[in-house]
$ cat final.tsv   # TSV, C-alpha atoms and all ligand atoms
chain	number	residue	atom	x	y	z
A	1	MET	CA	0.00	0.00	0.00
A	2	ALA	CA	1.31	3.46	-0.89
A	3	GLN	CA	2.71	5.47	2.02
A	4	PHE	CA	1.70	9.11	2.44
A	5	THR	CA	3.54	11.78	4.38
A	6	PRO	CA	1.28	12.84	7.27
A	7	ARG	CA	-0.33	16.21	6.56
A	8	VAL	CA	-3.25	18.01	8.21
A	9	PHE	CA	-5.86	20.06	6.34
A	10	SER	CA	-8.99	21.77	7.64
A	11	GLY	CA	-11.17	24.75	6.82
A	12	VAL	CA	-13.83	27.09	8.12
A	13	GLN	CA	-16.43	28.92	6.03
A	14	PRO	CA	-16.38	32.73	6.17
A	15	THR	CA	-20.12	33.06	6.64
A	16	GLY	CA	-20.04	35.33	9.72
A	17	ASN	CA	-21.08	34.61	13.31
A	18	LEU	CA	-18.06	32.40	14.13
A	19	HIS	CA	-19.20	30.63	17.27
A	20	LEU	CA	-18.10	28.56	20.22
A	21	GLY	CA	-18.83	25.33	18.29
A	22	ASN	CA	-16.45	26.36	15.49
A	23	TYR	CA	-13.85	27.19	18.16
A	24	LEU	CA	-14.12	24.09	20.37
A	25	GLY	CA	-14.92	21.64	17.59
A	26	ALA	CA	-12.32	22.89	15.13
A	27	ILE	CA	-10.17	26.04	15.46
A	28	ARG	CA	-8.83	25.43	18.99
A	29	ARG	CA	-7.90	21.89	18.00
A	30	PHE	CA	-5.93	23.12	14.96
A	31	VAL	CA	-3.34	24.83	17.17
A	32	PRO	CA	-1.42	21.93	18.83
A	33	LEU	CA	-1.37	19.97	15.55
A	34	GLN	CA	0.95	22.58	14.00
A	35	ASP	CA	3.74	21.33	16.29
A	36	GLU	CA	3.25	17.71	15.18
A	37	TYR	CA	2.45	17.82	11.45
A	38	PRO	CA	2.69	20.07	8.41
A	39	CYS	CA	-0.69	21.82	8.66
A	40	ILE	CA	-2.79	23.71	6.12
A	41	TYR	CA	-5.69	25.80	7.43
A	42	CYS	CA	-8.00	27.26	4.83
A	43	VAL	CA	-10.69	29.92	4.83
A	44	VAL	CA	-13.12	28.15	2.51
A	45	ASP	CA	-14.65	31.15	0.75
A	46	MET	CA	-15.73	29.11	-2.30
A	47	HIS	CA	-17.89	26.98	-0.01
A	48	ALA	CA	-19.43	30.13	1.47
A	49	ILE	CA	-20.96	31.21	-1.85
A	50	THR	CA	-23.00	28.01	-2.15
A	51	LEU	CA	-25.49	30.21	-0.27
A	52	TRP	CA	-25.84	33.91	-1.19
A	53	GLN	CA	-23.20	36.16	0.41
A	54	ASP	CA	-23.02	39.93	0.25
A	55	PRO	CA	-19.62	40.60	-1.43
A	56	ALA	CA	-18.44	43.27	1.03
A	57	GLU	CA	-19.46	41.13	4.00
A	58	LEU	CA	-17.78	38.08	2.50
A	59	ARG	CA	-14.47	39.98	2.27
A	60	ASN	CA	-14.85	41.01	5.92
A	61	ASN	CA	-15.74	37.50	6.97
A	62	ILE	CA	-12.69	36.03	5.20
A	63	ARG	CA	-10.51	38.35	7.26
A	64	GLU	CA	-12.51	37.46	10.37
A	65	VAL	CA	-11.82	33.72	10.02
A	66	ALA	CA	-8.14	34.40	9.28
A	67	SER	CA	-8.02	36.63	12.39
A	68	ALA	CA	-9.61	33.86	14.46
A	69	TYR	CA	-6.98	31.38	13.26
A	70	LEU	CA	-4.18	33.78	14.20
A	71	ALA	CA	-5.77	34.85	17.50
A	72	ALA	CA	-6.27	31.22	18.52
A	73	GLY	CA	-2.53	30.70	18.16
A	74	ILE	CA	-1.97	29.29	14.68
A	75	ASP	CA	1.46	30.53	13.69
A	76	PRO	CA	1.76	31.35	9.96
A	77	LYS	CA	5.45	30.46	10.15
A	78	LYS	CA	4.53	26.92	11.17
A	79	ALA	CA	1.21	26.33	9.40
A	80	ILE	CA	-0.14	27.56	6.07
A	81	ILE	CA	-3.10	29.96	6.45
A	82	PHE	CA	-4.82	30.97	3.20
A	83	ASN	CA	-8.15	31.46	1.48
A	84	GLN	CA	-9.38	28.84	-0.94
A	85	SER	CA	-10.25	31.07	-3.93
A	86	GLN	CA	-6.60	32.18	-4.25
A	87	VAL	CA	-5.59	28.63	-5.27
A	88	SER	CA	-7.30	27.59	-8.51
A	89	GLY	CA	-6.47	23.91	-7.96
A	90	HIS	CA	-9.46	23.63	-5.58
A	91	ALA	CA	-11.90	24.36	-8.41
A	92	GLU	CA	-9.97	22.22	-10.91
A	93	LEU	CA	-9.84	19.15	-8.70
A	94	ALA	CA	-13.47	19.64	-7.62
A	95	TRP	CA	-14.47	19.35	-11.29
A	96	VAL	CA	-12.59	16.06	-11.64
A	97	PHE	CA	-14.32	14.83	-8.47
A	98	ASN	CA	-17.72	15.94	-9.81
A	99	CYS	CA	-17.04	13.36	-12.49
A	100	VAL	CA	-15.87	10.69	-10.00
A	101	ALA	CA	-18.59	11.02	-7.33
A	102	ARG	CA	-22.04	9.59	-8.05
A	103	MET	CA	-25.34	11.47	-7.85
A	104	GLY	CA	-26.59	8.87	-5.38
A	105	TRP	CA	-23.69	9.54	-3.00
A	106	LEU	CA	-24.36	13.28	-2.93
A	107	SER	CA	-28.11	12.81	-2.66
A	108	ARG	CA	-27.59	11.10	0.70
A	109	MET	CA	-25.74	14.06	2.28
A	110	THR	CA	-27.74	15.28	5.25
A	111	GLN	CA	-26.18	18.77	5.21
A	112	PHE	CA	-27.58	19.36	1.70
A	113	LYS	CA	-31.00	18.15	2.80
A	114	GLU	CA	-30.94	20.45	5.85
A	115	LYS	CA	-29.64	23.52	4.02
A	116	ALA	CA	-31.76	23.12	0.88
A	117	GLY	CA	-34.84	22.42	3.01
A	118	LYS	CA	-38.13	21.96	1.20
A	119	ASP	CA	-37.12	24.25	-1.68
A	120	ARG	CA	-34.59	21.82	-3.18
A	121	GLU	CA	-35.30	22.81	-6.78
A	122	ASN	CA	-34.15	26.30	-5.96
A	123	ALA	CA	-30.90	25.33	-4.18
A	124	SER	CA	-27.66	26.13	-6.01
A	125	VAL	CA	-25.84	23.36	-7.86
A	126	GLY	CA	-22.85	24.40	-5.73
A	127	LEU	CA	-24.70	23.51	-2.53
A	128	PHE	CA	-25.37	20.02	-3.91
A	129	ALA	CA	-21.76	19.56	-5.09
A	130	TYR	CA	-20.30	21.06	-1.86
A	131	PRO	CA	-18.89	17.71	-0.65
A	132	ASP	CA	-16.94	17.24	-3.91
A	133	LEU	CA	-15.28	20.61	-3.37
A	134	MET	CA	-14.54	19.62	0.23
A	135	ALA	CA	-12.93	16.39	-0.98
A	136	ALA	CA	-10.87	18.47	-3.42
A	137	ASP	CA	-9.77	20.84	-0.62
A	138	ILE	CA	-8.40	17.93	1.37
A	139	LEU	CA	-7.00	15.78	-1.41
A	140	LEU	CA	-5.37	18.66	-3.32
A	141	TYR	CA	-2.80	18.51	-0.50
A	142	ARG	CA	-3.08	14.73	-0.18
A	143	ALA	CA	-3.88	15.40	3.49
A	144	THR	CA	-3.91	12.35	5.73
A	145	HIS	CA	-5.71	13.89	8.73
A	146	VAL	CA	-8.61	16.34	8.98
A	147	PRO	CA	-9.67	17.80	12.35
A	148	VAL	CA	-13.39	18.65	12.17
A	149	GLY	CA	-16.50	18.77	14.32
A	150	GLU	CA	-18.83	15.78	14.34
A	151	ASP	CA	-21.23	17.37	11.82
A	152	GLN	CA	-18.61	16.88	9.08
A	153	LYS	CA	-18.29	13.10	9.59
A	154	GLN	CA	-20.46	12.22	6.61
A	155	HIS	CA	-18.57	14.57	4.28
A	156	LEU	CA	-15.28	13.01	5.39
A	157	GLU	CA	-16.64	9.56	4.59
A	158	LEU	CA	-17.52	10.81	1.12
A	159	THR	CA	-13.97	12.18	0.72
A	160	ARG	CA	-12.66	8.69	1.50
A	161	ASP	CA	-15.07	7.16	-1.05
A	162	ILE	CA	-13.97	9.62	-3.73
A	163	ALA	CA	-10.27	8.95	-3.06
A	164	GLN	CA	-10.90	5.22	-3.19
A	165	LYS	CA	-12.88	5.41	-6.44
A	166	PHE	CA	-10.28	7.66	-8.10
A	167	ASN	CA	-7.51	5.25	-7.03
A	168	ASN	CA	-9.50	2.31	-8.45
A	169	ASP	CA	-10.76	3.97	-11.65
A	170	PHE	CA	-7.28	5.14	-12.61
A	171	ALA	CA	-5.26	2.31	-11.02
A	172	ALA	CA	-3.36	1.40	-14.19
A	173	GLN	CA	-2.42	4.99	-14.97
A	174	ILE	CA	-1.49	5.71	-11.34
A	175	ALA	CA	0.93	2.78	-11.40
A	176	ALA	CA	2.24	3.72	-14.87
A	177	GLU	CA	2.97	7.27	-13.67
A	178	GLY	CA	5.04	5.86	-10.81
A	179	HIS	CA	2.63	6.54	-7.92
A	180	GLY	CA	2.33	2.92	-6.80
A	181	ASP	CA	-1.08	1.51	-5.94
A	182	ALA	CA	-2.78	4.72	-4.76
A	183	PHE	CA	-2.49	8.40	-5.66
A	184	PHE	CA	-4.77	9.79	-2.96
A	185	PRO	CA	-4.62	8.82	0.72
A	186	ILE	CA	-7.72	7.53	2.50
A	187	THR	CA	-7.93	10.47	4.87
A	188	GLU	CA	-8.59	10.00	8.58
A	189	PRO	CA	-11.08	12.36	10.23
A	190	LEU	CA	-9.96	13.62	13.65
A	191	ILE	CA	-13.26	14.06	15.47
A	192	GLN	CA	-12.04	14.32	19.03
A	193	GLY	CA	-11.74	16.67	21.95
A	194	PRO	CA	-14.13	17.47	24.74
A	195	ALA	CA	-16.79	19.15	22.56
A	196	PRO	CA	-17.02	17.72	19.03
A	197	ARG	CA	-20.68	18.83	18.80
A	198	VAL	CA	-21.68	21.97	20.68
A	199	MET	CA	-25.46	22.36	20.69
A	200	SER	CA	-27.68	25.42	20.36
A	201	LEU	CA	-28.37	27.34	23.58
A	202	ARG	CA	-32.06	27.47	22.59
A	203	ASP	CA	-32.55	23.82	21.62
A	204	GLY	CA	-30.28	21.03	22.85
A	205	SER	CA	-31.22	18.81	19.91
A	206	LYS	CA	-29.80	21.22	17.27
A	207	LYS	CA	-26.12	22.01	16.77
A	208	MET	CA	-24.88	25.52	17.48
A	209	SER	CA	-24.75	27.10	14.04
A	210	LYS	CA	-23.79	30.33	12.27
A	211	SER	CA	-27.01	30.35	10.30
A	212	ASP	CA	-29.51	29.89	13.17
A	213	PRO	CA	-31.81	32.93	12.97
A	214	SER	CA	-31.64	33.39	16.75
A	215	ALA	CA	-28.50	35.18	17.99
A	216	TYR	CA	-29.33	33.70	21.42
A	217	SER	CA	-28.67	30.20	20.08
A	218	ARG	CA	-24.91	30.77	19.90
A	219	ILE	CA	-21.99	32.45	21.63
A	220	THR	CA	-19.89	34.15	18.99
A	221	LEU	CA	-16.15	34.73	19.21
A	222	THR	CA	-16.73	38.48	19.16
A	223	ASP	CA	-19.44	38.65	21.86
A	224	ASP	CA	-18.50	40.91	24.77
A	225	ALA	CA	-18.74	39.80	28.42
A	226	ASP	CA	-22.24	41.25	28.95
A	227	THR	CA	-23.61	39.53	25.84
A	228	ILE	CA	-22.08	36.18	26.83
A	229	GLN	CA	-23.59	36.49	30.33
A	230	GLN	CA	-26.99	37.39	28.92
A	231	LYS	CA	-27.01	34.53	26.40
A	232	ILE	CA	-26.02	31.96	29.02
A	233	ARG	CA	-28.58	33.33	31.48
A	234	LYS	CA	-31.30	32.89	28.85
A	235	ALA	CA	-30.08	29.45	27.71
A	236	LYS	CA	-32.81	26.82	27.75
A	237	THR	CA	-32.65	24.30	30.63
A	238	ASP	CA	-34.99	21.82	32.30
A	239	PRO	CA	-36.57	22.17	35.77
A	240	GLU	CA	-34.40	19.54	37.55
A	241	PRO	CA	-31.21	20.39	39.45
A	242	LEU	CA	-27.90	19.25	37.92
A	243	PRO	CA	-27.15	15.55	38.44
A	244	SER	CA	-24.12	14.32	40.40
A	245	GLU	CA	-23.05	11.73	37.81
A	246	THR	CA	-22.60	12.06	34.02
A	247	ALA	CA	-25.09	9.19	33.53
A	248	GLY	CA	-27.74	11.56	34.93
A	249	LEU	CA	-27.28	13.83	31.86
A	250	ALA	CA	-28.83	11.21	29.57
A	251	GLY	CA	-32.10	12.47	28.10
A	252	ARG	CA	-31.30	16.02	29.27
A	253	PRO	CA	-29.72	17.55	26.13
A	254	GLU	CA	-29.61	21.16	27.36
A	255	ALA	CA	-28.01	20.22	30.70
A	256	ASP	CA	-25.60	17.91	28.91
A	257	ASN	CA	-24.60	20.70	26.51
A	258	LEU	CA	-23.96	23.30	29.23
A	259	VAL	CA	-21.93	20.85	31.32
A	260	THR	CA	-19.91	19.86	28.22
A	261	MET	CA	-19.28	23.53	27.42
A	262	PHE	CA	-18.12	24.20	30.99
A	263	ALA	CA	-15.75	21.20	30.94
A	264	ALA	CA	-14.29	22.10	27.53
A	265	LEU	CA	-13.78	25.76	28.41
A	266	ALA	CA	-12.33	25.08	31.87
A	267	GLY	CA	-10.19	22.17	30.62
A	268	ILE	CA	-11.64	19.67	33.11
A	269	GLU	CA	-13.65	16.44	32.86
A	270	ARG	CA	-17.46	16.57	32.79
A	271	GLN	CA	-17.55	14.52	35.99
A	272	ALA	CA	-15.39	17.17	37.70
A	273	VAL	CA	-18.02	19.77	36.74
A	274	LEU	CA	-20.75	17.63	38.31
A	275	ASP	CA	-18.62	16.95	41.42
A	276	ARG	CA	-18.80	20.71	41.93
A	277	PHE	CA	-22.35	21.48	40.78
A	278	GLY	CA	-24.27	18.21	41.31
A	279	GLY	CA	-27.57	19.06	43.06
A	280	ALA	CA	-27.24	22.80	42.24
A	281	GLN	CA	-29.88	24.80	40.41
A	282	PHE	CA	-29.07	26.08	36.93
A	283	SER	CA	-29.11	29.72	38.03
A	284	SER	CA	-25.93	29.42	40.10
A	285	PHE	CA	-24.25	27.11	37.58
A	286	LYS	CA	-24.99	29.49	34.70
A	287	GLY	CA	-23.29	32.39	36.49
A	288	GLU	CA	-20.10	30.34	36.85
A	289	LEU	CA	-20.34	29.03	33.28
A	290	ALA	CA	-20.56	32.61	32.00
A	291	ASP	CA	-17.42	33.52	33.98
A	292	VAL	CA	-15.53	30.54	32.54
A	293	ALA	CA	-16.68	31.43	28.99
A	294	VAL	CA	-15.70	35.09	29.36
A	295	THR	CA	-12.27	34.15	30.77
A	296	ALA	CA	-11.64	31.74	27.89
A	297	LEU	CA	-12.93	33.94	25.08
A	298	ALA	CA	-11.92	37.49	26.15
A	299	PRO	CA	-8.24	37.21	25.08
A	300	LEU	CA	-9.28	35.60	21.80
A	301	SER	CA	-11.81	38.28	20.91
A	302	ALA	CA	-9.42	41.08	21.97
A	303	GLU	CA	-6.74	39.70	19.65
A	304	MET	CA	-9.29	39.24	16.85
A	305	ARG	CA	-10.30	42.90	17.26
A	306	ARG	CA	-6.66	43.99	17.11
A	307	LEU	CA	-6.06	41.96	13.94
A	308	ARG	CA	-9.30	43.15	12.33
A	309	ALA	CA	-8.01	46.69	12.71
A	310	ASP	CA	-4.98	45.71	10.59
A	311	PRO	CA	-6.45	44.20	7.38
A	312	GLY	CA	-3.17	44.77	5.50
A	313	PHE	CA	-1.39	42.37	7.85
A	314	VAL	CA	-4.12	39.73	7.59
A	315	ASP	CA	-4.23	40.02	3.78
A	316	GLY	CA	-0.44	39.60	3.72
A	317	VAL	CA	-0.68	36.39	5.77
A	318	LEU	CA	-3.31	35.05	3.33
A	319	ALA	CA	-1.24	36.01	0.27
A	320	THR	CA	1.92	34.35	1.62
A	321	GLY	CA	-0.05	31.26	2.66
A	322	SER	CA	-1.75	31.08	-0.73
A	323	ALA	CA	1.60	31.09	-2.54
A	324	LYS	CA	2.80	28.19	-0.35
A	325	ALA	CA	-0.46	26.29	-0.84
A	326	ARG	CA	-0.31	26.87	-4.61
A	327	ASP	CA	3.16	25.27	-4.78
A	328	ILE	CA	1.82	22.04	-3.24
A	329	ALA	CA	-1.43	22.18	-5.22
A	330	THR	CA	0.35	22.58	-8.57
A	331	VAL	CA	2.33	19.37	-8.03
A	332	THR	CA	-0.90	17.45	-7.27
A	333	MET	CA	-2.85	18.95	-10.19
A	334	ASP	CA	-0.06	18.28	-12.70
A	335	ALA	CA	-0.07	14.63	-11.60
A	336	VAL	CA	-3.89	14.44	-11.65
A	337	LYS	CA	-3.97	15.85	-15.19
A	338	ASP	CA	-1.48	13.22	-16.34
A	339	ILE	CA	-3.39	10.43	-14.60
A	340	VAL	CA	-6.76	11.48	-16.01
A	341	GLY	CA	-5.33	11.88	-19.52
A	342	PHE	CA	-5.47	15.64	-19.99
A	343	LEU	CA	-2.79	17.04	-22.25
A	344	ARG	CA	-0.72	19.73	-20.54
A	345	ALA	CA	2.30	21.80	-21.55
A	346	ARG	CA	5.48	20.20	-20.19
A	401	LIG	N1	-21.84	23.16	16.76
A	401	LIG	C1	-20.63	22.72	16.46
A	401	LIG	N2	-19.92	21.98	17.35
A	401	LIG	C2	-18.67	21.54	17.06
A	401	LIG	N3	-18.04	21.82	15.88
A	401	LIG	C3	-18.71	22.55	14.97
A	401	LIG	N4	-18.40	22.99	13.74
A	401	LIG	C4	-19.43	23.70	13.22
A	401	LIG	N5	-20.44	23.74	14.11
A	401	LIG	C5	-20.02	23.03	15.20
A	401	LIG	C6	-17.12	22.74	13.09
A	401	LIG	O1	-16.55	23.99	12.72
A	401	LIG	C7	-15.79	23.81	11.52
A	401	LIG	C8	-16.14	24.87	10.53
A	401	LIG	O2	-17.49	24.75	10.18
A	401	LIG	P1	-18.01	25.42	8.84
A	401	LIG	O3	-17.57	26.81	8.76
A	401	LIG	O4	-17.65	24.54	7.71
A	401	LIG	O5	-19.57	25.43	9.04
A	401	LIG	P2	-20.61	24.30	9.33
A	401	LIG	O6	-20.00	23.01	9.75
A	401	LIG	O7	-21.57	24.24	8.20
A	401	LIG	O8	-21.35	24.81	10.61
A	401	LIG	P3	-21.72	26.24	11.06
A	401	LIG	O9	-20.45	26.96	11.41
A	401	LIG	O10	-22.68	26.22	12.16
A	401	LIG	O11	-22.39	26.91	9.82
A	401	LIG	P4	-23.88	26.73	9.26
A	401	LIG	O12	-24.82	27.45	10.13
A	401	LIG	O13	-23.77	27.37	7.92
A	401	LIG	O14	-24.18	25.25	9.20
A	401	LIG	C9	-16.06	22.40	11.03
A	401	LIG	O15	-14.98	21.55	11.41
A	401	LIG	C10	-17.29	22.01	11.77
A	401	LIG	O16	-17.38	20.60	11.98
$ encode --input "final.tsv" --output "structure tokens"
Amino acid sequence: MAQFTPRVFSGVQPTGNLHLGNYLGAIRRFVPLQDEYPCIYCVVDMHAITLWQDPAELRNNIREVASAYLAAGIDPKKAIIFNQSQVSGHAELAWVFNCVARMGWLSRMTQFKEKAGKDRENASVGLFAYPDLMAADILLYRATHVPVGEDQKQHLELTRDIAQKFNNDFAAQIAAEGHGDAFFPITEPLIQGPAPRVMSLRDGSKKMSKSDPSAYSRITLTDDADTIQQKIRKAKTDPEPLPSETAGLAGRPEADNLVTMFAALAGIERQAVLDRFGGAQFSSFKGELADVAVTALAPLSAEMRRLRADPGFVDGVLATGSAKARDIATVTMDAVKDIVGFLRAR
């Protein structure tokens, strides 16, 4: 079996309202990986336009995600930070994958069903083909590991299916071109950490999301202390006191979510949270949770504000990162073109 150099890739959409779920499920987890692997962190602006985006806001939101990466501690000297649309290989490889993936595979994607809703006929073709572009993002760098939140599990499985089918469909050419028995790795999702699925503050059965119409459903990375306190105070709960054991959180999604958030933000186990608050009413627990959230997020949002005031610096980071990403992408795309049978200038 072909051996692949370990490489990490992940991305976040610049669609505004970056929230605690994006931070705990993804961005915070990107940081330590940069000391272990070559890492590529992308602002996936081409994914963002699968739903309508105001152009001026999109530009702002691209800088906001880049600022969040930097503020969280991703070092552009160690990891590549860039925005997707600056590297044309993403679109090129996505087209090849549109021709590898099957309609039936994409039709099963739950994110498309949720986002298209009942008005499927009116959804963009891009929204339907989104998972092919995501596979291209990852495989353009032949990434072996992808840290994501739990909601992306199905898309990662599709990425593996596409890589497998490409490797099979073009097996003879892949071998003839000297790539052994596989050109693309079968990428491993890294869905770990204390909070792989942060839920809405208004409904414990729905994930915290940028697009939820209620601002009270999420804590954003730019909320100030008062707003965070207010949102946590208003968070939905049930009438029972907190349990003393984690087993007691079963069937109590809102309690489970708040305890998970506390544990992830304070860096302790969920049981340790219940050792402290078991038997307590939500009112006292919520006050402490708000303090923990403010302590964890205040330095991040202050640094994001500082970076947002310096768009020239952020744009420079993205330009430098894009040049580095393009170098890797060009090698992959040249090989893909040869494997597929396109004629290119040599
Ligand atoms: N609620 C969440 N809990 C844990 N991780 C989450 N992620 C998203 N929501 C949660 C992870 O954040 C990364 C970037 O996500 P994205 O920008 O691709 O957006 P998304 O997954 O579609 O979810 P959003 O941010 O809530 O946007 P909308 O409202 O548009 O669906 C990914 O690793 C994701 O798993």
$ residues_near_ligand --input "final.tsv" --ligand "ligand LIG 401 (chain A)" --cutoff "7 Å" --atoms "all atoms listed in the file" --output "list of chain:residue names"
A:Gly11, A:Val12, A:Gln13, A:Pro14, A:Thr15, A:Leu18, A:Gly21, A:Asn22, A:Tyr23, A:Leu24, A:Gly25, A:Ala26, A:Pro147, A:Val148, A:Gly149, A:Glu150, A:Asp151, A:Gln152, A:Ala195, A:Pro196, A:Arg197, A:Val198, A:Met199, A:Lys207, A:Met208, A:Ser209, A:Lys210, A:Ser211, A:Asp212
$ closest_residue --input "final.tsv" --among "A:Ile74, A:Leu127, A:Pro185, A:Ser284" --to "Lys113 (chain A)" --atoms "only C-alpha atoms"
A:Leu127
$ residues_around --input "final.tsv" --residues "region 39-54 of chain A" --least-positions-apart "3" --cutoff "7 Å" --atoms "all atoms listed in the file" --output "list in words"
Arg7, Val8, Phe9, Ser10, Gly11, Val12, Gln13, Pro14, Thr15, Gln34, Glu57, Leu58, Ile62, Val65, Ala66, Ala79, Ile80, Ile81, Phe82, Asn83, Gln84, Ser85, Ser124, Gly126, Leu127 and Tyr130 of chain A
$ closest_residue --input "final.tsv" --among "A:Asp275, A:Glu288, A:Asp224, A:Glu177" --to "Asp338 (chain A)" --atoms "all atoms listed in the file"
A:Glu177
$ atom_distance --input "final.tsv" --atom1 "CA of Tyr69 (chain A)" --atom2 "CA of Leu300 (chain A)"
9.8 Å
$ axis_aligned_box --input "final.tsv" --around "region 263-278 of chain A" --padding-each-side "8 Å" --output "AutoDock Vina command-line options"
--center_x -17.2 --center_y 20.1 --center_z 34.7 --size_x 30.1 --size_y 27.2 --size_z 30.4
$ residues_around --input "final.tsv" --residues "Arg142 (chain A)" --least-positions-apart "2" --cutoff "7 Å" --atoms "all atoms listed in the file" --output "PyMOL selection string"
chain A and resi 138-140+144+184-185
$ write_last_selection --input "final.tsv" --atoms "C-alpha atoms" --output "PDB file, in the frame of the given file"
ATOM      1  CA  ILE A 138      -8.400  17.930   1.370  1.00  0.00           C
ATOM      2  CA  LEU A 139      -7.000  15.780  -1.410  1.00  0.00           C
ATOM      3  CA  LEU A 140      -5.370  18.660  -3.320  1.00  0.00           C
ATOM      4  CA  THR A 144      -3.910  12.350   5.730  1.00  0.00           C
ATOM      5  CA  PHE A 184      -4.770   9.790  -2.960  1.00  0.00           C
ATOM      6  CA  PRO A 185      -4.620   8.820   0.720  1.00  0.00           C
TER       7      PRO A 185
END
$ residues_near_point --input "final.tsv" --point "(-32.0, 28.0, 24.3)" --cutoff "9 Å" --atoms "only C-alpha atoms" --output "PyMOL selection string"
chain A and resi 200-204+216-218+231-232+234-237+254
$ closest_residue --input "final.tsv" --among "A:Ala101, A:Asp169, A:Ala215, A:Val317" --to "Asp75 (chain A)" --atoms "all atoms listed in the file"
A:Val317
$ atom_distance --input "final.tsv" --atom1 "CA of Met1 (chain A)" --atom2 "CA of Gly341 (chain A)"
23.5 Å
$ atom_distance --input "final.tsv" --atom1 "CA of His179 (chain A)" --atom2 "CA of Pro6 (chain A)"
16.5 Å
$ closest_residue --input "final.tsv" --among "A:Pro194, A:Gln271, A:Leu265, A:Asp137" --to "Val87 (chain A)" --atoms "only C-alpha atoms"
A:Asp137
